[in-house]
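Pasting final.cif here (mmCIF, C-alpha atoms):
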```cif
data_input
loop_
_atom_site.group_PDB
_atom_site.id
_atom_site.type_symbol
_atom_site.label_atom_id
_atom_site.label_comp_id
_atom_site.auth_asym_id
_atom_site.auth_seq_id
_atom_site.Cartn_x
_atom_site.Cartn_y
_atom_site.Cartn_z
ATOM 1 C CA MET A 24 1.786 -8.922 22.609
ATOM 2 C CA SER A 25 2.882 -5.504 23.886
ATOM 3 C CA GLN A 26 1.306 -6.360 27.280
ATOM 4 C CA GLU A 27 4.188 -8.776 27.886
ATOM 5 C CA TYR A 28 6.649 -5.876 28.015
ATOM 6 C CA THR A 29 6.363 -2.966 30.418
ATOM 7 C CA SER A 30 8.696 -0.718 28.375
ATOM 8 C CA ASP A 31 10.338 -0.405 24.966
ATOM 9 C CA VAL A 32 13.705 -1.153 26.583
ATOM 10 C CA GLN A 33 12.337 -4.485 27.815
ATOM 11 C CA ALA A 34 10.826 -5.140 24.373
ATOM 12 C CA VAL A 35 14.208 -4.591 22.656
ATOM 13 C CA GLU A 36 15.759 -7.066 25.124
ATOM 14 C CA GLY A 37 12.914 -9.461 24.215
ATOM 15 C CA LEU A 38 13.734 -9.080 20.510
ATOM 16 C CA ALA A 39 17.443 -9.769 21.120
ATOM 17 C CA LYS A 40 16.527 -12.939 23.038
ATOM 18 C CA ALA A 41 14.017 -14.041 20.369
ATOM 19 C CA TYR A 42 16.710 -13.571 17.716
ATOM 20 C CA GLU A 43 19.183 -15.774 19.634
ATOM 21 C CA ASP A 44 16.478 -18.450 20.084
ATOM 22 C CA LEU A 45 15.631 -18.320 16.374
ATOM 23 C CA LYS A 46 19.292 -18.617 15.427
ATOM 24 C CA SER A 47 19.910 -21.672 17.590
ATOM 25 C CA GLU A 48 16.698 -23.346 16.373
ATOM 26 C CA ILE A 49 17.522 -22.714 12.687
ATOM 27 C CA SER A 50 21.081 -24.036 13.198
ATOM 28 C CA LYS A 51 19.595 -27.484 13.988
ATOM 29 C CA VAL A 52 18.833 -27.764 10.265
ATOM 30 C CA ILE A 53 20.988 -25.145 8.513
ATOM 31 C CA ILE A 54 24.690 -25.716 9.072
ATOM 32 C CA GLY A 55 26.862 -22.598 8.737
ATOM 33 C CA GLN A 56 25.343 -19.758 6.668
ATOM 34 C CA ASP A 57 25.176 -17.644 9.875
ATOM 35 C CA LYS A 58 25.540 -14.375 7.984
ATOM 36 C CA VAL A 59 22.757 -15.351 5.555
ATOM 37 C CA VAL A 60 20.380 -16.332 8.383
ATOM 38 C CA LYS A 61 21.148 -13.047 10.146
ATOM 39 C CA SER A 62 20.434 -10.986 7.008
ATOM 40 C CA VAL A 63 17.162 -12.815 6.297
ATOM 41 C CA LEU A 64 15.947 -12.282 9.879
ATOM 42 C CA ILE A 65 16.965 -8.590 9.825
ATOM 43 C CA SER A 66 14.966 -8.007 6.640
ATOM 44 C CA LEU A 67 11.983 -9.872 8.135
ATOM 45 C CA PHE A 68 11.990 -7.729 11.298
ATOM 46 C CA SER A 69 12.517 -4.594 9.170
ATOM 47 C CA ASN A 70 9.487 -5.546 7.033
ATOM 48 C CA GLY A 71 11.589 -5.799 3.864
ATOM 49 C CA HIS A 72 12.060 -8.480 1.187
ATOM 50 C CA SER A 73 15.257 -10.296 0.235
ATOM 51 C CA LEU A 74 16.893 -11.647 -2.887
ATOM 52 C CA LEU A 75 19.092 -14.731 -2.355
ATOM 53 C CA VAL A 76 21.768 -15.188 -5.003
ATOM 54 C CA GLY A 77 23.765 -18.413 -5.159
ATOM 55 C CA VAL A 78 24.518 -21.480 -7.246
ATOM 56 C CA PRO A 79 22.085 -24.451 -7.017
ATOM 57 C CA GLY A 80 22.286 -26.846 -4.090
ATOM 58 C CA LEU A 81 23.166 -24.356 -1.333
ATOM 59 C CA ALA A 82 19.935 -25.116 0.610
ATOM 60 C CA LYS A 83 18.146 -21.875 -0.262
ATOM 61 C CA THR A 84 14.710 -23.544 -0.196
ATOM 62 C CA LEU A 85 15.511 -25.469 2.992
ATOM 63 C CA LEU A 86 16.662 -22.246 4.663
ATOM 64 C CA VAL A 87 13.402 -20.443 3.863
ATOM 65 C CA SER A 88 11.125 -23.340 4.858
ATOM 66 C CA THR A 89 13.078 -23.784 8.129
ATOM 67 C CA ILE A 90 12.721 -20.073 8.973
ATOM 68 C CA SER A 91 8.964 -20.174 8.280
ATOM 69 C CA GLU A 92 8.620 -23.244 10.495
ATOM 70 C CA VAL A 93 10.406 -21.756 13.520
ATOM 71 C CA LEU A 94 8.371 -18.561 13.025
ATOM 72 C CA ASP A 95 5.076 -20.485 12.911
ATOM 73 C CA LEU A 96 4.123 -18.792 9.626
ATOM 74 C CA GLU A 97 2.399 -20.089 6.510
ATOM 75 C CA PHE A 98 4.941 -20.819 3.795
ATOM 76 C CA LYS A 99 4.413 -21.241 0.035
ATOM 77 C CA ARG A 100 6.975 -21.921 -2.651
ATOM 78 C CA ILE A 101 6.487 -20.797 -6.252
ATOM 79 C CA GLN A 102 8.764 -22.298 -8.901
ATOM 80 C CA PHE A 103 9.075 -19.613 -11.566
ATOM 81 C CA THR A 104 9.065 -20.917 -15.148
ATOM 82 C CA PRO A 105 8.874 -19.216 -18.575
ATOM 83 C CA ASP A 106 5.174 -20.170 -18.977
ATOM 84 C CA LEU A 107 4.016 -18.908 -15.555
ATOM 85 C CA MET A 108 1.170 -16.376 -15.819
ATOM 86 C CA PRO A 109 0.394 -13.567 -13.298
ATOM 87 C CA SER A 110 -2.907 -15.312 -12.369
ATOM 88 C CA ASP A 111 -0.915 -18.467 -11.471
ATOM 89 C CA ILE A 112 0.617 -16.606 -8.538
ATOM 90 C CA THR A 113 -2.057 -14.049 -7.572
ATOM 91 C CA GLY A 114 -5.098 -16.306 -8.044
ATOM 92 C CA SER A 115 -8.065 -16.040 -10.403
ATOM 93 C CA GLU A 116 -11.838 -15.880 -10.527
ATOM 94 C CA VAL A 117 -13.734 -19.112 -11.196
ATOM 95 C CA LEU A 118 -17.435 -19.906 -11.606
ATOM 96 C CA ASP A 119 -18.781 -21.852 -8.628
ATOM 97 C CA GLU A 120 -21.799 -24.245 -8.577
ATOM 98 C CA SER A 121 -24.266 -21.371 -8.161
ATOM 99 C CA ARG A 122 -22.820 -19.714 -11.316
ATOM 100 C CA ARG A 123 -21.240 -16.898 -9.312
ATOM 101 C CA PHE A 124 -17.669 -15.733 -9.667
ATOM 102 C CA LYS A 125 -15.531 -16.734 -6.720
ATOM 103 C CA PHE A 126 -11.899 -15.681 -6.151
ATOM 104 C CA ASN A 127 -9.490 -18.583 -5.767
ATOM 105 C CA LYS A 128 -6.425 -17.357 -3.892
ATOM 106 C CA GLY A 129 -3.047 -18.064 -5.460
ATOM 107 C CA PRO A 130 0.180 -19.063 -3.679
ATOM 108 C CA LEU A 131 1.012 -15.402 -2.931
ATOM 109 C CA PHE A 132 -1.499 -15.586 -0.056
ATOM 110 C CA ALA A 133 0.992 -16.767 2.569
ATOM 111 C CA ASN A 134 3.215 -15.110 5.177
ATOM 112 C CA ILE A 135 6.502 -16.204 3.623
ATOM 113 C CA VAL A 136 6.683 -16.708 -0.135
ATOM 114 C CA LEU A 137 9.726 -18.280 -1.749
ATOM 115 C CA ALA A 138 9.924 -17.082 -5.353
ATOM 116 C CA ASP A 139 12.315 -19.663 -6.755
ATOM 117 C CA GLU A 140 14.418 -18.556 -9.751
ATOM 118 C CA ILE A 141 12.533 -15.294 -10.215
ATOM 119 C CA ASN A 142 14.616 -14.496 -13.317
ATOM 120 C CA ARG A 143 13.178 -17.532 -15.174
ATOM 121 C CA THR A 144 9.743 -15.955 -15.645
ATOM 122 C CA PRO A 145 8.662 -13.213 -18.100
ATOM 123 C CA PRO A 146 8.463 -9.541 -16.980
ATOM 124 C CA LYS A 147 4.635 -9.614 -16.765
ATOM 125 C CA THR A 148 4.682 -12.256 -14.001
ATOM 126 C CA GLN A 149 7.673 -10.647 -12.279
ATOM 127 C CA ALA A 150 5.719 -7.365 -12.223
ATOM 128 C CA ALA A 151 2.705 -9.063 -10.570
ATOM 129 C CA LEU A 152 4.962 -10.352 -7.772
ATOM 130 C CA LEU A 153 6.771 -7.032 -7.350
ATOM 131 C CA GLU A 154 3.482 -5.135 -7.200
ATOM 132 C CA ALA A 155 2.285 -7.466 -4.429
ATOM 133 C CA MET A 156 5.578 -6.912 -2.572
ATOM 134 C CA GLN A 157 5.173 -3.145 -2.743
ATOM 135 C CA GLU A 158 1.428 -2.798 -2.130
ATOM 136 C CA ARG A 159 1.029 -5.905 0.072
ATOM 137 C CA SER A 160 -2.185 -6.557 -1.848
ATOM 138 C CA VAL A 161 -3.319 -8.167 -5.097
ATOM 139 C CA THR A 162 -5.767 -6.720 -7.640
ATOM 140 C CA VAL A 163 -7.847 -9.229 -9.617
ATOM 141 C CA ALA A 164 -10.722 -8.201 -11.927
ATOM 142 C CA GLY A 165 -10.723 -4.709 -10.404
ATOM 143 C CA GLN A 166 -11.008 -6.007 -6.833
ATOM 144 C CA ARG A 167 -8.279 -5.518 -4.252
ATOM 145 C CA PHE A 168 -7.399 -8.375 -1.903
ATOM 146 C CA LEU A 169 -5.089 -7.746 1.073
ATOM 147 C CA LEU A 170 -2.270 -10.217 1.641
ATOM 148 C CA PRO A 171 -1.804 -11.791 5.099
ATOM 149 C CA GLN A 172 0.458 -9.956 7.550
ATOM 150 C CA PRO A 173 3.375 -10.278 8.010
ATOM 151 C CA PHE A 174 4.122 -10.707 4.300
ATOM 152 C CA PHE A 175 7.669 -11.462 3.283
ATOM 153 C CA VAL A 176 9.087 -12.468 -0.115
ATOM 154 C CA LEU A 177 12.384 -14.286 -0.499
ATOM 155 C CA ALA A 178 13.331 -14.571 -4.157
ATOM 156 C CA THR A 179 16.211 -16.708 -5.404
ATOM 157 C CA GLN A 180 18.349 -16.133 -8.456
ATOM 158 C CA ASN A 181 20.841 -18.519 -9.983
ATOM 159 C CA PRO A 182 23.869 -16.471 -11.132
ATOM 160 C CA ILE A 183 25.383 -19.024 -13.521
ATOM 161 C CA GLU A 184 22.673 -20.009 -15.994
ATOM 162 C CA GLN A 185 21.679 -16.873 -17.830
ATOM 163 C CA GLU A 186 20.324 -18.448 -21.038
ATOM 164 C CA GLY A 187 16.570 -18.126 -21.340
ATOM 165 C CA THR A 188 16.296 -15.848 -18.317
ATOM 166 C CA TYR A 189 14.705 -12.439 -17.850
ATOM 167 C CA PRO A 190 17.004 -10.417 -15.574
ATOM 168 C CA LEU A 191 15.176 -8.133 -13.134
ATOM 169 C CA PRO A 192 15.450 -4.450 -14.129
ATOM 170 C CA GLU A 193 17.276 -2.136 -11.680
ATOM 171 C CA ALA A 194 14.017 -0.371 -10.734
ATOM 172 C CA GLN A 195 12.506 -3.695 -9.670
ATOM 173 C CA LEU A 196 15.639 -4.890 -7.866
ATOM 174 C CA ASP A 197 15.252 -1.739 -5.750
ATOM 175 C CA ARG A 198 12.125 -3.297 -4.156
ATOM 176 C CA PHE A 199 14.327 -5.814 -2.371
ATOM 177 C CA MET A 200 15.818 -4.584 0.871
ATOM 178 C CA PHE A 201 18.735 -7.045 0.745
ATOM 179 C CA ASN A 202 20.694 -8.828 -1.952
ATOM 180 C CA ILE A 203 22.198 -11.736 -0.014
ATOM 181 C CA GLN A 204 25.064 -13.711 -1.554
ATOM 182 C CA LEU A 205 25.266 -17.405 -0.658
ATOM 183 C CA THR A 206 28.664 -19.049 -0.822
ATOM 184 C CA TYR A 207 29.832 -22.662 -0.661
ATOM 185 C CA PRO A 208 30.064 -24.176 2.836
ATOM 186 C CA SER A 209 33.468 -24.722 4.428
ATOM 187 C CA TYR A 210 34.954 -28.247 4.404
ATOM 188 C CA GLN A 211 33.906 -28.906 8.036
ATOM 189 C CA GLU A 212 30.377 -27.546 7.427
ATOM 190 C CA GLU A 213 29.985 -29.712 4.335
ATOM 191 C CA LEU A 214 31.053 -32.805 6.311
ATOM 192 C CA THR A 215 28.296 -32.091 8.857
ATOM 193 C CA VAL A 216 25.718 -31.368 6.128
ATOM 194 C CA VAL A 217 26.442 -34.618 4.268
ATOM 195 C CA LYS A 218 26.459 -36.637 7.503
ATOM 196 C CA ASN A 219 23.076 -35.218 8.634
ATOM 197 C CA THR A 220 21.331 -35.408 5.274
ATOM 198 C CA THR A 221 22.333 -38.975 4.393
ATOM 199 C CA SER A 222 21.227 -40.527 7.695
ATOM 200 C CA GLN A 223 17.946 -40.758 9.592
ATOM 201 C CA HIS A 224 18.750 -37.575 11.470
ATOM 202 C CA LYS A 225 15.672 -35.356 11.640
ATOM 203 C CA ALA A 226 15.625 -32.178 13.693
ATOM 204 C CA ASP A 227 12.556 -31.357 15.771
ATOM 205 C CA LEU A 228 11.934 -27.641 15.400
ATOM 206 C CA GLU A 229 10.079 -25.530 17.934
ATOM 207 C CA HIS A 230 7.968 -22.479 17.077
ATOM 208 C CA ILE A 231 9.703 -19.396 18.479
ATOM 209 C CA LEU A 232 7.565 -16.454 17.288
ATOM 210 C CA ARG A 233 3.966 -16.027 16.138
ATOM 211 C CA ALA A 234 2.733 -13.629 13.429
ATOM 212 C CA ASP A 235 1.431 -11.047 15.940
ATOM 213 C CA GLU A 236 4.799 -11.021 17.753
ATOM 214 C CA ILE A 237 6.657 -10.385 14.489
ATOM 215 C CA LEU A 238 4.309 -7.480 13.663
ATOM 216 C CA PHE A 239 4.919 -6.077 17.162
ATOM 217 C CA PHE A 240 8.718 -6.249 16.686
ATOM 218 C CA GLN A 241 8.442 -4.633 13.219
ATOM 219 C CA GLN A 242 6.706 -1.650 14.861
ATOM 220 C CA LEU A 243 9.230 -1.628 17.718
ATOM 221 C CA ILE A 244 12.190 -1.275 15.319
ATOM 222 C CA ARG A 245 10.657 1.875 13.808
ATOM 223 C CA LYS A 246 10.441 3.375 17.325
ATOM 224 C CA ILE A 247 14.175 2.935 18.025
ATOM 225 C CA PRO A 248 15.830 6.383 18.345
ATOM 226 C CA VAL A 249 18.707 7.326 16.028
ATOM 227 C CA SER A 250 21.401 9.927 16.582
ATOM 228 C CA GLU A 251 21.885 12.655 13.971
ATOM 229 C CA ASN A 252 25.374 11.452 12.976
ATOM 230 C CA VAL A 253 24.100 7.919 12.133
ATOM 231 C CA LEU A 254 21.249 9.381 10.068
ATOM 232 C CA GLU A 255 23.714 11.622 8.202
ATOM 233 C CA TYR A 256 26.089 8.693 7.666
ATOM 234 C CA CYS A 257 23.320 6.594 6.008
ATOM 235 C CA VAL A 258 22.256 9.390 3.652
ATOM 236 C CA SER A 259 25.868 10.355 2.915
ATOM 237 C CA LEU A 260 26.830 6.735 2.108
ATOM 238 C CA ALA A 261 23.925 6.329 -0.335
ATOM 239 C CA SER A 262 24.548 9.710 -1.988
ATOM 240 C CA LYS A 263 28.270 8.924 -2.466
ATOM 241 C CA THR A 264 27.317 6.116 -4.862
ATOM 242 C CA ARG A 265 25.747 8.549 -7.368
ATOM 243 C CA PRO A 266 28.192 9.514 -10.143
ATOM 244 C CA GLY A 267 28.259 13.134 -11.258
ATOM 245 C CA THR A 268 26.937 14.476 -7.951
ATOM 246 C CA GLU A 269 28.837 16.664 -5.464
ATOM 247 C CA ARG A 270 29.436 13.850 -2.956
ATOM 248 C CA ALA A 271 30.598 11.232 -5.477
ATOM 249 C CA THR A 272 34.174 10.003 -5.061
ATOM 250 C CA ASP A 273 36.614 9.669 -7.976
ATOM 251 C CA MET A 274 36.171 5.905 -7.885
ATOM 252 C CA VAL A 275 32.384 6.244 -8.203
ATOM 253 C CA ASN A 276 32.686 8.707 -11.094
ATOM 254 C CA ASN A 277 35.102 6.365 -12.861
ATOM 255 C CA TYR A 278 33.407 3.013 -12.343
ATOM 256 C CA ILE A 279 29.672 3.491 -11.705
ATOM 257 C CA SER A 280 27.070 4.474 -14.260
ATOM 258 C CA TRP A 281 24.103 4.545 -11.837
ATOM 259 C CA GLY A 282 23.962 4.896 -8.047
ATOM 260 C CA ALA A 283 21.601 4.027 -5.189
ATOM 261 C CA GLY A 284 18.340 5.956 -4.734
ATOM 262 C CA PRO A 285 16.751 7.314 -1.525
ATOM 263 C CA ARG A 286 15.258 3.895 -0.739
ATOM 264 C CA ALA A 287 18.814 2.739 0.016
ATOM 265 C CA SER A 288 19.149 5.445 2.723
ATOM 266 C CA GLN A 289 15.848 4.340 4.297
ATOM 267 C CA TYR A 290 16.869 0.680 4.321
ATOM 268 C CA LEU A 291 20.365 1.483 5.659
ATOM 269 C CA LEU A 292 18.781 3.225 8.637
ATOM 270 C CA LEU A 293 16.088 0.575 9.229
ATOM 271 C CA GLY A 294 18.607 -2.257 8.868
ATOM 272 C CA ALA A 295 21.022 -0.538 11.276
ATOM 273 C CA LYS A 296 18.206 -0.114 13.840
ATOM 274 C CA CYS A 297 17.344 -3.793 13.575
ATOM 275 C CA HIS A 298 20.986 -4.907 13.728
ATOM 276 C CA ALA A 299 21.451 -2.817 16.871
ATOM 277 C CA ALA A 300 18.303 -4.290 18.468
ATOM 278 C CA ILE A 301 19.209 -7.950 17.834
ATOM 279 C CA SER A 302 22.698 -7.190 19.204
ATOM 280 C CA GLY A 303 21.091 -5.925 22.433
ATOM 281 C CA LYS A 304 21.733 -2.209 21.809
ATOM 282 C CA PHE A 305 19.069 0.485 22.178
ATOM 283 C CA SER A 306 20.296 2.777 19.409
ATOM 284 C CA PRO A 307 22.328 2.061 16.247
ATOM 285 C CA ASP A 308 25.839 3.366 15.636
ATOM 286 C CA ILE A 309 27.897 3.636 12.441
ATOM 287 C CA GLU A 310 29.258 0.084 12.913
ATOM 288 C CA ASP A 311 25.690 -1.264 12.588
ATOM 289 C CA VAL A 312 25.311 0.562 9.265
ATOM 290 C CA LYS A 313 28.608 -0.869 7.984
ATOM 291 C CA VAL A 314 27.585 -4.457 8.779
ATOM 292 C CA ILE A 315 24.496 -4.336 6.553
ATOM 293 C CA ALA A 316 25.689 -1.829 3.906
ATOM 294 C CA SER A 317 26.939 -4.338 1.305
ATOM 295 C CA ASP A 318 23.691 -6.353 1.195
ATOM 296 C CA ILE A 319 21.689 -3.137 0.734
ATOM 297 C CA LEU A 320 23.887 -1.366 -1.831
ATOM 298 C CA ARG A 321 25.082 -4.353 -3.886
ATOM 299 C CA HIS A 322 22.071 -4.458 -6.239
ATOM 300 C CA ARG A 323 21.532 -0.694 -6.304
ATOM 301 C CA ILE A 324 24.724 0.342 -8.048
ATOM 302 C CA VAL A 325 25.365 -0.331 -11.716
ATOM 303 C CA ARG A 326 28.974 -0.717 -12.835
ATOM 304 C CA ASN A 327 30.101 0.734 -16.172
ATOM 305 C CA TYR A 328 32.103 -1.099 -18.854
ATOM 306 C CA LYS A 329 35.386 0.225 -17.381
ATOM 307 C CA ALA A 330 34.709 -1.469 -14.018
ATOM 308 C CA GLU A 331 33.790 -4.721 -15.801
ATOM 309 C CA ALA A 332 36.896 -4.550 -17.977
ATOM 310 C CA GLU A 333 39.105 -4.073 -14.903
ATOM 311 C CA GLY A 334 37.329 -6.862 -13.001
ATOM 312 C CA LEU A 335 35.997 -4.586 -10.242
ATOM 313 C CA ASP A 336 32.836 -5.946 -8.634
ATOM 314 C CA GLU A 337 30.177 -4.066 -6.634
ATOM 315 C CA ASP A 338 31.484 -5.301 -3.269
ATOM 316 C CA GLN A 339 34.973 -3.906 -3.905
ATOM 317 C CA ILE A 340 33.481 -0.496 -4.751
ATOM 318 C CA ILE A 341 31.282 -0.565 -1.609
ATOM 319 C CA ASP A 342 34.272 -1.579 0.564
ATOM 320 C CA ALA A 343 36.216 1.401 -0.804
ATOM 321 C CA LEU A 344 33.299 3.713 0.061
ATOM 322 C CA LEU A 345 33.067 2.316 3.595
#
```
Structure re-expressed in structure tokens:
Amino acid sequence: MSQEYTSDVQAVEGLAKAYEDLKSEISKVIIGQDKVVKSVLISLFSNGHSLLVGVPGLAKTLLVSTISEVLDLEFKRIQFTPDLMPSDITGSEVLDESRRFKFNKGPLFANIVLADEINRTPPKTQAALLEAMQERSVTVAGQRFLLPQPFFVLATQNPIEQEGTYPLPEAQLDRFMFNIQLTYPSYQEELTVVKNTTSQHKADLEHILRADEILFFQQLIRKIPVSENVLEYCVSLASKTRPGTERATDMVNNYISWGAGPRASQYLLLGAKCHAAISGKFSPDIEDVKVIASDILRHRIVRNYKAEAEGLDEDQIIDALL
């Protein structure tokens, strides 16, 4: 793959073009949701995972399957239920005809895994998924099996039905690079969606990127240079969210009980590098950090009862910090 480009500058231009091609291909199926598509692609190129939060019927599954199709990647969907066991997703050992144990791979062995309604399954199964996300491997009966590369988990959470759910603990939410909020489509977008989905209209999608090209771009993003002031801005922004520390603002001390950890600083910098690259820039600036900050910090700060009582949500606190 790297032979196609004579320099890193040319490779960054190649990534920006690939991103535009991906966007126009995805828009054949997904109407609107531009910000969501952008965030999902940034986390893919940054080698991170994403959590999609939105009410049912906002085409979360369609979005993920469309992205996997234009990326020419293997896609598996796992519907999380209260009776799902860890072996149902990782795979298990079975006796074959010759009475030997053989490992049957579970649905986690794919490039893009959609973990649908991750908060519907007990902590034991959630932990198996989150371990695979972190280690990019699965351990069964003491044996380690590597997952295919690239490996990317998109988990969905339904924010309205909380009965019979197992909310993800803060430490596990931290494994997700982005927390992406899906909103209702606009009136015009909904008209187009309904028109397309109730007729014989079927979009023909082209493959834009292969697995090896995605891996190449993931490495390229890590090579992008960063100025000292952008690095300091990322670390400063994350550290400002921690109540009781020297950098915390009055608002943070008053309304937050727990702030973002160092992983937030890493993801802010990686996300800014990727945002700069897909925008055709060769180094990120503070504006790039600001664009992706909400999706990265939203699930890493915990509001206290005072913030809840006054109706302050995470996004308002992040906006004040920015």
Looking at A:Pro130, A:Pro190, A:Pro307, A:Pro182, which one is nearest to A:Thr144, with distances taken over all atoms listed in the file? A:Pro190
Residue neighbourhood A:Pro173, 10 Å, all atoms listed in the file, exclusion window fewer than 3 positions, as a PyMOL selection string: chain A and resi 67-68+70+96-97+133-135+159+170+233-238+241
Quick one: of A:Met274, A:Val325, A:Leu214, A:Val314, who's nearest to A:Ser302, counting only C-alpha atoms?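 For A:Ser302, the nearest of the candidates is A:Val314.
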Can you work out the spacing between atom CA of A:Asp111 and atom CA of A:Val93 in Å, to one decimal?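 Atom CA of A:Val93 lies at a distance of 27.6 Å from atom CA of A:Asp111.
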Distance criterion (only C-alpha atoms): nearest to A:Ser209 out of A:Gln56, A:Gln33, A:Ser259, A:Thr268: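 Going through A:Gln56, A:Gln33, A:Ser259, A:Thr268 one by one, the smallest distance to A:Ser209 is for A:Gln56.
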Would you kindly translate the PyMOL selection byres ((chain A and resi 100) around 8) into the concrete residues it picks from this file, as a list of chain:residue names? A:Phe98, A:Lys99, A:Ile101, A:Gln102, A:Pro130, A:Val136, A:Leu137, A:Ala138, A:Asp139
Would you mind listing, for every residue of stretch 140-218 of chain A within 12 Å of stretch 82-86 of chain A, the two atoms forming the shortest contact and the distance between them in Å to one decimal, using only C-alpha atoms, sorted by chain and ascending residue number, as JSON lines?
```
{"residue": "A:Glu140", "atom": "CA", "partner": "A:Lys83", "partner_atom": "CA", "distance": 10.7}
{"residue": "A:Leu177", "atom": "CA", "partner": "A:Lys83", "partner_atom": "CA", "distance": 9.5}
{"residue": "A:Ala178", "atom": "CA", "partner": "A:Lys83", "partner_atom": "CA", "distance": 9.6}
{"residue": "A:Thr179", "atom": "CA", "partner": "A:Lys83", "partner_atom": "CA", "distance": 7.5}
{"residue": "A:Gln180", "atom": "CA", "partner": "A:Lys83", "partner_atom": "CA", "distance": 10.0}
{"residue": "A:Asn181", "atom": "CA", "partner": "A:Lys83", "partner_atom": "CA", "distance": 10.6}
{"residue": "A:Ile203", "atom": "CA", "partner": "A:Lys83", "partner_atom": "CA", "distance": 10.9}
{"residue": "A:Gln204", "atom": "CA", "partner": "A:Lys83", "partner_atom": "CA", "distance": 10.8}
{"residue": "A:Leu205", "atom": "CA", "partner": "A:Lys83", "partner_atom": "CA", "distance": 8.4}
{"residue": "A:Thr206", "atom": "CA", "partner": "A:Ala82", "partner_atom": "CA", "distance": 10.7}
{"residue": "A:Tyr207", "atom": "CA", "partner": "A:Ala82", "partner_atom": "CA", "distance": 10.3}
{"residue": "A:Pro208", "atom": "CA", "partner": "A:Ala82", "partner_atom": "CA", "distance": 10.4}
{"residue": "A:Glu213", "atom": "CA", "partner": "A:Ala82", "partner_atom": "CA", "distance": 11.7}
{"residue": "A:Val216", "atom": "CA", "partner": "A:Ala82", "partner_atom": "CA", "distance": 10.1}
```
Rounded to one decimal place, report the atom CA of A:Val258-atom CA of A:Gly37 distance in Å. 29.4 Å
Could you check how far atom CA of A:Leu232 sits from atom CA of A:Ala41, in Å to one decimal?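 So the answer is 7.5 Å.
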